[in-house]
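**Student:** My questions will all concern the structure given below.
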Amino acid sequence: MNYPIYLDYNATTPCTPEVIEAMTPFFGEHYGNAASKSHGYGWVAENAVETAREQIGNLIGAQSKEIIITSGATEAINLAIKGTFDLYKGEKQHYITCQTEHKAVLDTMRAIEERGAEVTYLPVDSKGTIDLEALKSSIRAHSKMICLMWANNETGVIHPIAEIAHLAEEHGIIFFTDGVQAVGKIPVSVDGIQMMAISAHKLYGPKGIGALYIRHNHTLPKPISQIDGGGHEKGFRSGTLNVPAIVGFGKAAELRMAEMNKEAERLEILRNLLEAKLLLLPNTSLNGSQNRLTHVTNIAFDGVEGEDLLRKVCQKVAVSSGSACTSISPKPSHVLQAMGLDSDLGRASIRFSLGRKTNEQDVLDAVDWVERVVGELRMKSY
């Protein structure tokens with residue numbers, strides 16, 4: 001297949017050769033069940049899992065025993081939120097989140113709302129940032145959790161995590177963050193954080209594997225399991241462990257530790273080149289603030305129909321209009337709507353996210369193609 005230039009790294013990333021190499025023996029050679037404690041096949045698998053757990057923990061400054069393996073970030077998010085709601089069952093409960101969270105968080109919050117929870121959805125300004133004073137004033141006596149993502153998946157905007165963590169600690173509230181787009185891209189520390197969701201396929205690991213960091217030795221309570229049957233993962237998440245994927249996750253985390261900072265600097269140069277050239281086009285604007293991930297830009301192209309724009313651009317450049325999880329929907333991005341963009345401009349916005357394989361020629365070719373597409377579509381609209 002003649003693939004287009006790939007600029008959709010926020011949707012998913014390719015496994016690196018080192019990750020594939022690390023995983024391969026655990027499909028056919030070391031095929032033991034990590035829960036088989038009585039023989040060597042199980043011991044090899046268990047040791048591999050524990051090594052991976054340590055590698056993942058090192059990436060975020062956590063202990064290996066604080067890493068609970070899940071099938072991905074969506075499961076981790078459900079475990080954190082629903083598990084907390086179940087923990088406080090029978091009590092009056094209030095949760096604080098944001099209008100620009102990923103749908104995995106928003107849909108889970110709405111699920112617990114239907115079961116009786118009160119949820120505050122904080123607004124954002126035109127740059128996608130929250131007001132810490134608004135966050136502080138929304139805290140109630142029965143607030144149980146603050147749930148705010150580290151970096152936005154559509155705009156790359158980074159929330160002030162340290163300040164939020166401090167505020168949560170002051171009020172004795174659980175702070176849970178969706179760290180999916182931040183982990184492996186920027187330095188991340190779990191200081192002051194009770195729970196954090198991570199996904200392997202966003203940091204050059206395999207799909208279908210993730211983790212929930214759960215802080216150990218802290219007075220705040222931990223969530224209740226949402227999957228029962230065997231008591232795996234310290235009772236937080238039962239089910240046979242996907243050893244090959246976990247090994248790949250660990251290897252990817254180890255590689256990101258070594259490459260992350262240098263790669264971020266390289267991608268920022270390329271991202272800025274892409275952004276500067278596209279913003280020279282008339283009636284274009286940047287969605288988001290400058291305080292964002294270095295590999296992401298989200299640009300609005302006024303005067304074109306969004307569906308036509310995306311379909312045509314993607315013939316030669318793989319991009320998206322928002323989260324991969326909502327790309328099948330013709331509706332405008334809820335993130336951009338929360339930032340004040342009207343529906344038409346929201347639909348005519350494109351997220352470009354760069355990664356390990358992106359080079360300068362890719363960027364220049366992508367700019368040429370987008371300029372051509374936008375020009376043709378604008379001519380047709382007049």
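Labels for the structure tokens follow display order: chains A, B, ..., residues from 1 in each chain, ligands from 1.
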Which polymer residues have any atom within 12 Å of an atom of Gly90 in chain A, counting only C-alpha atoms, with same-chain residues fewer than 2 positions away left out, as a PyMOL selection string?
**Tutor:** chain A and resi 85-88+92-93+115-117
**Student:** For Val319 in chain A, find every residue with an atom within 7 Å (counting only C-alpha atoms), except residues of its own chain fewer than 4 positions away, and show them as a list in words.
**Tutor:**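 The residues satisfying every condition are Leu7, Asp8, Cys314, Ile350, Arg351 and Phe352 of chain A.
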**Student:** Got a sec: who's within 10 Å of Glu360 in chain A, counting only C-alpha atoms, leaving out chain neighbours fewer than 2 positions off, as an MDAnalysis selection string?
**Tutor:** chainID A and resid 267 269:271 273:274 358 362:366
**Student:** Restricting the calculation to only C-alpha atoms: of A:Lys103, A:Arg140, A:Lys89, A:Lys127, which residue gets closest to Leu341 in chain A?
**Tutor:** A:Lys127
**Student:** Could you jot down the CA of Leu241 in chain A to CA of Ala151 in chain A separation for me, Å, one decimal place?
**Tutor:**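 Separating CA of Leu241 in chain A from CA of Ala151 in chain A is a distance of 28.4 Å.
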**Student:** Write out, as a tab-separated table, each residue of range 194-269 of chain A that has an atom at most 9 Å from range 26-45 of chain A, together with the closest pair of atoms and their distance in Å to one decimal, counting only C-alpha atoms, rows going by chain and rising number.
**Tutor:**
```
residue	atom	partner	partner_atom	distance
A:His232	CA	A:Ala35	CA	8.1
A:Thr240	CA	A:Asn33	CA	7.3
A:Leu241	CA	A:Ala34	CA	6.7
A:Asn242	CA	A:Asn33	CA	8.8
A:Val243	CA	A:Ala45	CA	6.6
A:Pro244	CA	A:Phe26	CA	5.1
A:Ala245	CA	A:Phe26	CA	8.9
A:Val247	CA	A:Phe26	CA	8.2
```
**Student:** For the atom pair CA of Lys262 in chain A and CA of Ile299 in chain A, what is the interatomic distance in Å to one decimal place?
**Tutor:**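 Here the two named atoms are 25.1 Å from each other.
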